[in-house]
Amino acid sequence: MTCMKAQSLITGFINDELDIGELERFILHIQSCKECREELEVYYALLTAMKQLDEDKDLSDDYSEELNEKINRAQERIIHLRYNYYRKKSALIIIILLITVVFSMYYYLGVSEEENPVKESKFRLRITFMEERFDKPKDEIELYLKEQEDNTPRQ
Ligand SMILES: [Zn+2]
């Protein structure tokens, strides 16, 4: 994040208007950039004092300490949201794994189903083979029996 971008987010930070991504990058910048941190402190003191005057409240003694607390709260919020994000992400990973397992099972079932037609055709092949082998002799046997019957002298 550039200093210009960070400074444009200062009022948003003070009024709690930043989204979590902006907030995270803003705090990261504030912690590493002395200039922007000072800018933030000035704005924070100014805006908070104006707000307190507006609301007829007593002015704070230590704006710097208040700002530190605000930054700490924001960091806790980021950690909390990030934890939730990773929790949701791991839940998603578990769901994807489950889906993968289910699909793998379907895949293996699918393979065994595909094996069935092969077995069936093998079976059919065997029947055809058996028909060829046994039906013809059966026909011949029938023919033979018929001939035998015809040749038998009638009484
Ligand atoms: Zn800066």
# chains A, B, ... in the order shown; residues from 1 in each chain; ligands from 1
>>> residues_near_ligand(ligand="ligand 1", cutoff="7 Å", atoms="only C-alpha atoms and all ligand atoms", output="PyMOL selection string")
chain A and resi 2-3+6+29-30+33-36
>>> atom_distance(atom1="CA of Ile78 in chain A", atom2="CA of Phe13 in chain A")
13.2 Å
>>> atom_distance(atom1="CA of Ile14 in chain A", atom2="CA of Asp62 in chain A")
15.6 Å
>>> atom_distance(atom1="CA of Met1 in chain A", atom2="CA of Gln31 in chain A")
12.0 Å
>>> closest_residue(among="A:Gln75, A:Gln148, A:Asn15, A:Ser64", to="Leu47 in chain A", atoms="only C-alpha atoms")
A:Asn15
>>> residues_around(residues="Asn72 in chain A", least_positions_apart="5", cutoff="12 Å", atoms="only C-alpha atoms", output="list in words")
Leu23, Glu24, Ile27, Leu28, Gln31, Glu65, Glu66, Leu67, Arg77, Ile78 and Ile79 of chain A
